[in-house]
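Asks: This is structure-v5.pdb (PDB, C-alpha atoms).
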MODEL        1
ATOM      1  CA  MET A   1       0.000   0.000   0.000
ATOM      2  CA  GLY A   2       2.258   2.820   1.174
ATOM      3  CA  ILE A   3       5.956   3.366   1.070
ATOM      4  CA  MET A   4       7.774   1.625   3.872
ATOM      5  CA  ALA A   5       9.009   3.676   6.802
ATOM      6  CA  ASN A   6      12.730   4.226   7.154
ATOM      7  CA  THR A   7      14.474   0.901   7.563
ATOM      8  CA  ASN A   8      17.997  -0.392   7.390
ATOM      9  CA  LEU A   9      17.027  -2.616   4.475
ATOM     10  CA  THR A  10      18.588  -2.293   1.058
ATOM     11  CA  ASN A  11      16.300  -1.044  -1.695
ATOM     12  CA  GLN A  12      16.126  -4.588  -3.055
ATOM     13  CA  ARG A  13      15.030  -5.984   0.310
ATOM     14  CA  GLN A  14      12.482  -3.181   0.715
ATOM     15  CA  VAL A  15      10.964  -4.162  -2.622
ATOM     16  CA  PHE A  16      10.958  -7.802  -1.508
ATOM     17  CA  VAL A  17       9.082  -6.921   1.709
ATOM     18  CA  GLU A  18       6.519  -4.753  -0.091
ATOM     19  CA  GLU A  19       5.920  -7.361  -2.803
ATOM     20  CA  TYR A  20       5.708 -10.187  -0.276
ATOM     21  CA  VAL A  21       3.129  -8.301   1.795
ATOM     22  CA  ARG A  22       1.165  -7.482  -1.354
ATOM     23  CA  SER A  23       1.175 -10.987  -2.848
ATOM     24  CA  GLY A  24       1.994 -13.404  -0.030
ATOM     25  CA  ASP A  25       4.319 -15.243  -2.418
ATOM     26  CA  HIS A  26       7.952 -15.091  -1.283
ATOM     27  CA  LEU A  27       9.280 -16.580  -4.532
ATOM     28  CA  GLU A  28       7.447 -14.073  -6.719
ATOM     29  CA  ALA A  29       8.464 -11.237  -4.362
ATOM     30  CA  ALA A  30      12.122 -12.207  -4.718
ATOM     31  CA  LYS A  31      11.828 -12.227  -8.520
ATOM     32  CA  LYS A  32      10.123  -8.814  -8.566
ATOM     33  CA  ALA A  33      12.798  -7.458  -6.234
ATOM     34  CA  GLY A  34      15.394  -8.390  -8.829
ATOM     35  CA  TYR A  35      16.926 -11.516  -7.340
ATOM     36  CA  LYS A  36      18.234 -13.844 -10.034
ATOM     37  CA  ASP A  37      15.876 -16.648 -11.032
ATOM     38  CA  THR A  38      18.316 -19.518 -10.536
ATOM     39  CA  HIS A  39      18.020 -22.951  -8.943
ATOM     40  CA  THR A  40      18.794 -21.381  -5.537
ATOM     41  CA  LEU A  41      16.083 -18.707  -5.682
ATOM     42  CA  ARG A  42      13.620 -20.716  -3.566
ATOM     43  CA  ASN A  43      16.174 -21.064  -0.760
ATOM     44  CA  GLN A  44      17.143 -17.404  -1.073
ATOM     45  CA  ALA A  45      13.483 -16.321  -0.939
ATOM     46  CA  CYS A  46      12.897 -18.407   2.205
ATOM     47  CA  LYS A  47      15.982 -16.858   3.793
ATOM     48  CA  LEU A  48      14.809 -13.352   2.863
ATOM     49  CA  ARG A  49      11.413 -14.038   4.410
ATOM     50  CA  ARG A  50      13.068 -15.116   7.673
ATOM     51  CA  GLU A  51      15.604 -12.289   7.751
ATOM     52  CA  CYS A  52      12.995  -9.626   6.949
ATOM     53  CA  ALA A  53      10.306 -11.010   9.276
ATOM     54  CA  ASP A  54      10.209  -7.890  11.491
ATOM     55  CA  GLU A  55       9.905  -5.560   8.507
ATOM     56  CA  ILE A  56       7.224  -7.775   6.970
ATOM     57  CA  THR A  57       5.228  -7.611  10.211
ATOM     58  CA  GLU A  58       5.609  -3.815  10.371
ATOM     59  CA  GLU A  59       4.491  -3.446   6.756
ATOM     60  CA  LEU A  60       1.462  -5.682   7.377
ATOM     61  CA  HIS A  61       0.480  -3.563  10.391
ATOM     62  CA  ARG A  62       0.833  -0.380   8.324
ATOM     63  CA  ASN A  63      -1.343  -1.850   5.583
ATOM     64  CA  PHE A  64      -4.021  -2.962   8.039
ATOM     65  CA  ALA A  65      -4.008   0.477   9.665
ATOM     66  CA  GLU A  66      -4.602   2.038   6.239
ATOM     67  CA  ILE A  67      -7.578  -0.185   5.390
ATOM     68  CA  ALA A  68      -9.161  -0.289   8.876
ATOM     69  CA  PRO A  69     -11.355   2.814   8.434
ATOM     70  CA  ARG A  70     -12.834   1.441   5.192
ATOM     71  CA  ALA A  71     -13.373  -1.987   6.751
ATOM     72  CA  LEU A  72     -15.141  -0.380   9.705
ATOM     73  CA  ASN A  73     -17.364   1.562   7.320
ATOM     74  CA  ILE A  74     -18.283  -1.605   5.421
ATOM     75  CA  LEU A  75     -18.979  -3.511   8.644
ATOM     76  CA  SER A  76     -21.160  -0.659   9.929
ATOM     77  CA  ASP A  77     -23.071  -0.581   6.654
ATOM     78  CA  LEU A  78     -23.668  -4.337   6.841
ATOM     79  CA  ALA A  79     -24.872  -4.051  10.446
ATOM     80  CA  GLU A  80     -27.421  -1.427   9.444
ATOM     81  CA  ASN A  81     -28.425  -2.317   5.896
ATOM     82  CA  ALA A  82     -27.825  -5.976   5.078
ATOM     83  CA  GLU A  83     -30.955  -7.758   3.899
ATOM     84  CA  SER A  84     -30.139 -10.874   5.876
ATOM     85  CA  GLU A  85     -30.857 -10.720   9.590
ATOM     86  CA  SER A  86     -27.994 -13.134  10.289
ATOM     87  CA  VAL A  87     -25.557 -10.884   8.380
ATOM     88  CA  ARG A  88     -26.755  -7.823  10.344
ATOM     89  CA  LEU A  89     -26.384  -9.747  13.605
ATOM     90  CA  GLY A  90     -22.909 -11.022  12.694
ATOM     91  CA  ALA A  91     -21.714  -7.565  11.683
ATOM     92  CA  THR A  92     -23.136  -6.060  14.875
ATOM     93  CA  ARG A  93     -21.382  -8.702  16.983
ATOM     94  CA  ASP A  94     -18.103  -8.045  15.162
ATOM     95  CA  LEU A  95     -18.418  -4.303  15.724
ATOM     96  CA  LEU A  96     -19.164  -4.717  19.420
ATOM     97  CA  ASP A  97     -16.366  -7.246  19.819
ATOM     98  CA  ARG A  98     -13.833  -4.907  18.212
ATOM     99  CA  ALA A  99     -15.043  -2.116  20.492
ATOM    100  CA  GLY A 100     -14.304  -4.317  23.499
ATOM    101  CA  PHE A 101     -17.843  -5.429  24.253
ATOM    102  CA  ARG A 102     -17.944  -9.207  24.233
ATOM    103  CA  LEU A 103     -21.330 -10.823  23.656
ATOM    104  CA  ASP A 104     -21.518 -14.236  25.297
ATOM    105  CA  THR A 105     -23.901 -16.525  23.471
TER     106      THR A 105
ENDMDL
END
Show the structure stored in the file as structure tokens.
Replies:
Amino acid sequence: MGIMANTNLTNQRQVFVEEYVRSGDHLEAAKKAGYKDTHTLRNQACKLRRECADEITEELHRNFAEIAPRALNILSDLAENAESESVRLGATRDLLDRAGFRLDT
């Protein structure tokens, strides 16, 4: 989604992290980051995923923070306007749960 915050990663590793978070495919992310497509790429991509785990987690959190307001809007709309009563109930429960109000059923 956005540009990564300042990190100590090389540009190539930053691209890997962003592509991995976008696609979920470490092999494809390594290719798009410019790592050579050789017989060792799979091992290299796995190693990159391990070594960049903290940055991947940070990027995921940033992405979720960016989409949270839209997701909340959609959930609110479902709670109020969905045709199905079970969908309205489920959305309402999710909203209350995320607000810290746990409904025991």
Asks: Can you pull out the residues contacting range 33-44 of chain A? Cut-off 12 Å, using only C-alpha atoms, and skip same-chain residues under 6 positions away; I want them as a PyMOL selection string.
Replies: chain A and resi 10-20+25-27+50-52
Asks: Distance CA of Leu60 in chain A-CA of Ala29 in chain A, one decimal place?
Replies: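 CA of Leu60 in chain A sits 14.8 Å away from CA of Ala29 in chain A.
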Asks: Using all atoms listed in the file, which protein or nucleic acid residues come within 10 Å of range 66-75 of chain A? Drop anything in the same chain fewer than 5 positions from it, and give the result as a PyMOL selection string.
Replies: chain A and resi 1-2+60-61+80-82+87-88+90-92+94-95+98
Asks: Write out the residues from the selection above, keeping C-alpha atoms, as a JSON list (two decimals), keeping the file's coordinate frame.
Replies:
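For reference, result.json as written:
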[["chain", "number", "residue", "atom", "x", "y", "z"],
["A", 1, "MET", "CA", 0.00, 0.00, 0.00],
["A", 2, "GLY", "CA", 2.26, 2.82, 1.17],
["A", 60, "LEU", "CA", 1.46, -5.68, 7.38],
["A", 61, "HIS", "CA", 0.48, -3.56, 10.39],
["A", 80, "GLU", "CA", -27.42, -1.43, 9.44],
["A", 81, "ASN", "CA", -28.42, -2.32, 5.90],
["A", 82, "ALA", "CA", -27.82, -5.98, 5.08],
["A", 87, "VAL", "CA", -25.56, -10.88, 8.38],
["A", 88, "ARG", "CA", -26.76, -7.82, 10.34],
["A", 90, "GLY", "CA", -22.91, -11.02, 12.69],
["A", 91, "ALA", "CA", -21.71, -7.56, 11.68],
["A", 92, "THR", "CA", -23.14, -6.06, 14.88],
["A", 94, "ASP", "CA", -18.10, -8.04, 15.16],
["A", 95, "LEU", "CA", -18.42, -4.30, 15.72],
["A", 98, "ARG", "CA", -13.83, -4.91, 18.21]]
Asks: May I ask for the distance between CA of Glu28 in chain A and CA of Ala45 in chain A, given in Å to one decimal place?
Replies: 8.7 Å
Asks: Could you please determine the separation between CA of Ser76 in chain A and CA of Val21 in chain A in Å, to one decimal place?
Replies: 26.7 Å
Asks: Centre and edge lengths, as JSON, for the axis-aligned box enclosing every listed atom of range 63-66 of chain A with 5 Å of padding on each of the six sides, in Å to one decimal?
Replies:
{"center_x": -3.0, "center_y": -0.5, "center_z": 7.6, "size_x": 13.3, "size_y": 15.0, "size_z": 14.1}
Asks: For each of A:Ala99, A:Ala65, A:Glu85, A:Ala30, take the minimum atom-to-atom distance to Lys47 in chain A, counting all atoms listed in the file, then give the residue where this is smallest.
Replies: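 Among the listed residues, the smallest separation from Lys47 in chain A belongs to A:Ala30.
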Asks: Could I get range 25-59 of chain A from the block written as a CSV table (one decimal), in the first residue's frame, with N, CA and C atoms?
Replies:
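Listing of out02.csv after writing:
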chain,number,residue,atom,x,y,z
A,25,ASP,N,3.5,-14.2,-1.7
A,25,ASP,CA,4.3,-15.2,-2.4
A,25,ASP,C,5.8,-14.8,-2.3
A,26,HIS,N,6.6,-15.5,-1.5
A,26,HIS,CA,8.0,-15.1,-1.3
A,26,HIS,C,8.8,-15.3,-2.5
A,27,LEU,N,8.5,-16.3,-3.3
A,27,LEU,CA,9.3,-16.6,-4.5
A,27,LEU,C,9.0,-15.5,-5.6
A,28,GLU,N,7.8,-15.1,-5.8
A,28,GLU,CA,7.4,-14.1,-6.7
A,28,GLU,C,8.0,-12.7,-6.2
A,29,ALA,N,7.9,-12.5,-4.9
A,29,ALA,CA,8.5,-11.2,-4.4
A,29,ALA,C,10.0,-11.1,-4.6
A,30,ALA,N,10.7,-12.2,-4.5
A,30,ALA,CA,12.1,-12.2,-4.7
A,30,ALA,C,12.4,-11.9,-6.2
A,31,LYS,N,11.6,-12.5,-7.1
A,31,LYS,CA,11.8,-12.2,-8.5
A,31,LYS,C,11.6,-10.8,-8.8
A,32,LYS,N,10.5,-10.2,-8.3
A,32,LYS,CA,10.1,-8.8,-8.6
A,32,LYS,C,11.1,-7.8,-7.9
A,33,ALA,N,11.8,-8.3,-6.9
A,33,ALA,CA,12.8,-7.5,-6.2
A,33,ALA,C,14.1,-7.5,-7.0
A,34,GLY,N,14.2,-8.4,-8.0
A,34,GLY,CA,15.4,-8.4,-8.8
A,34,GLY,C,16.4,-9.5,-8.5
A,35,TYR,N,16.0,-10.4,-7.6
A,35,TYR,CA,16.9,-11.5,-7.3
A,35,TYR,C,16.9,-12.5,-8.5
A,36,LYS,N,18.1,-13.0,-8.8
A,36,LYS,CA,18.2,-13.8,-10.0
A,36,LYS,C,17.4,-15.1,-9.9
A,37,ASP,N,16.7,-15.5,-11.0
A,37,ASP,CA,15.9,-16.6,-11.0
A,37,ASP,C,16.7,-17.9,-11.4
A,38,THR,N,17.5,-18.3,-10.4
A,38,THR,CA,18.3,-19.5,-10.5
A,38,THR,C,17.8,-20.7,-9.7
A,39,HIS,N,18.5,-21.8,-9.7
A,39,HIS,CA,18.0,-23.0,-8.9
A,39,HIS,C,18.1,-22.7,-7.4
A,40,THR,N,18.7,-21.7,-7.0
A,40,THR,CA,18.8,-21.4,-5.5
A,40,THR,C,17.8,-20.3,-5.1
A,41,LEU,N,17.0,-19.8,-6.0
A,41,LEU,CA,16.1,-18.7,-5.7
A,41,LEU,C,15.1,-19.1,-4.6
A,42,ARG,N,14.6,-20.3,-4.6
A,42,ARG,CA,13.6,-20.7,-3.6
A,42,ARG,C,14.3,-20.6,-2.2
A,43,ASN,N,15.5,-21.1,-2.1
A,43,ASN,CA,16.2,-21.1,-0.8
A,43,ASN,C,16.5,-19.6,-0.4
A,44,GLN,N,16.9,-18.8,-1.3
A,44,GLN,CA,17.1,-17.4,-1.1
A,44,GLN,C,15.9,-16.7,-0.6
A,45,ALA,N,14.8,-17.0,-1.3
A,45,ALA,CA,13.5,-16.3,-0.9
A,45,ALA,C,13.0,-16.7,0.5
A,46,CYS,N,13.2,-18.0,0.8
A,46,CYS,CA,12.9,-18.4,2.2
A,46,CYS,C,13.8,-17.7,3.2
A,47,LYS,N,15.0,-17.6,2.9
A,47,LYS,CA,16.0,-16.9,3.8
A,47,LYS,C,15.6,-15.4,3.9
A,48,LEU,N,15.2,-14.8,2.8
A,48,LEU,CA,14.8,-13.4,2.9
A,48,LEU,C,13.6,-13.2,3.7
A,49,ARG,N,12.6,-14.1,3.6
A,49,ARG,CA,11.4,-14.0,4.4
A,49,ARG,C,11.7,-14.1,5.9
A,50,ARG,N,12.7,-15.0,6.3
A,50,ARG,CA,13.1,-15.1,7.7
A,50,ARG,C,13.8,-13.9,8.1
A,51,GLU,N,14.8,-13.4,7.4
A,51,GLU,CA,15.6,-12.3,7.8
A,51,GLU,C,14.8,-11.0,7.8
A,52,CYS,N,13.8,-10.9,7.0
A,52,CYS,CA,13.0,-9.6,6.9
A,52,CYS,C,11.7,-9.8,7.7
A,53,ALA,N,11.6,-10.7,8.6
A,53,ALA,CA,10.3,-11.0,9.3
A,53,ALA,C,9.8,-9.8,10.0
A,54,ASP,N,10.7,-9.1,10.7
A,54,ASP,CA,10.2,-7.9,11.5
A,54,ASP,C,9.7,-6.8,10.6
A,55,GLU,N,10.4,-6.6,9.5
A,55,GLU,CA,9.9,-5.6,8.5
A,55,GLU,C,8.6,-6.0,7.8
A,56,ILE,N,8.5,-7.3,7.6
A,56,ILE,CA,7.2,-7.8,7.0
A,56,ILE,C,6.1,-7.5,7.9
A,57,THR,N,6.3,-7.8,9.2
A,57,THR,CA,5.2,-7.6,10.2
A,57,THR,C,4.9,-6.1,10.3
A,58,GLU,N,5.9,-5.3,10.3
A,58,GLU,CA,5.6,-3.8,10.4
A,58,GLU,C,4.8,-3.3,9.2
A,59,GLU,N,5.2,-3.8,8.0
A,59,GLU,CA,4.5,-3.4,6.8
A,59,GLU,C,3.0,-3.9,6.8
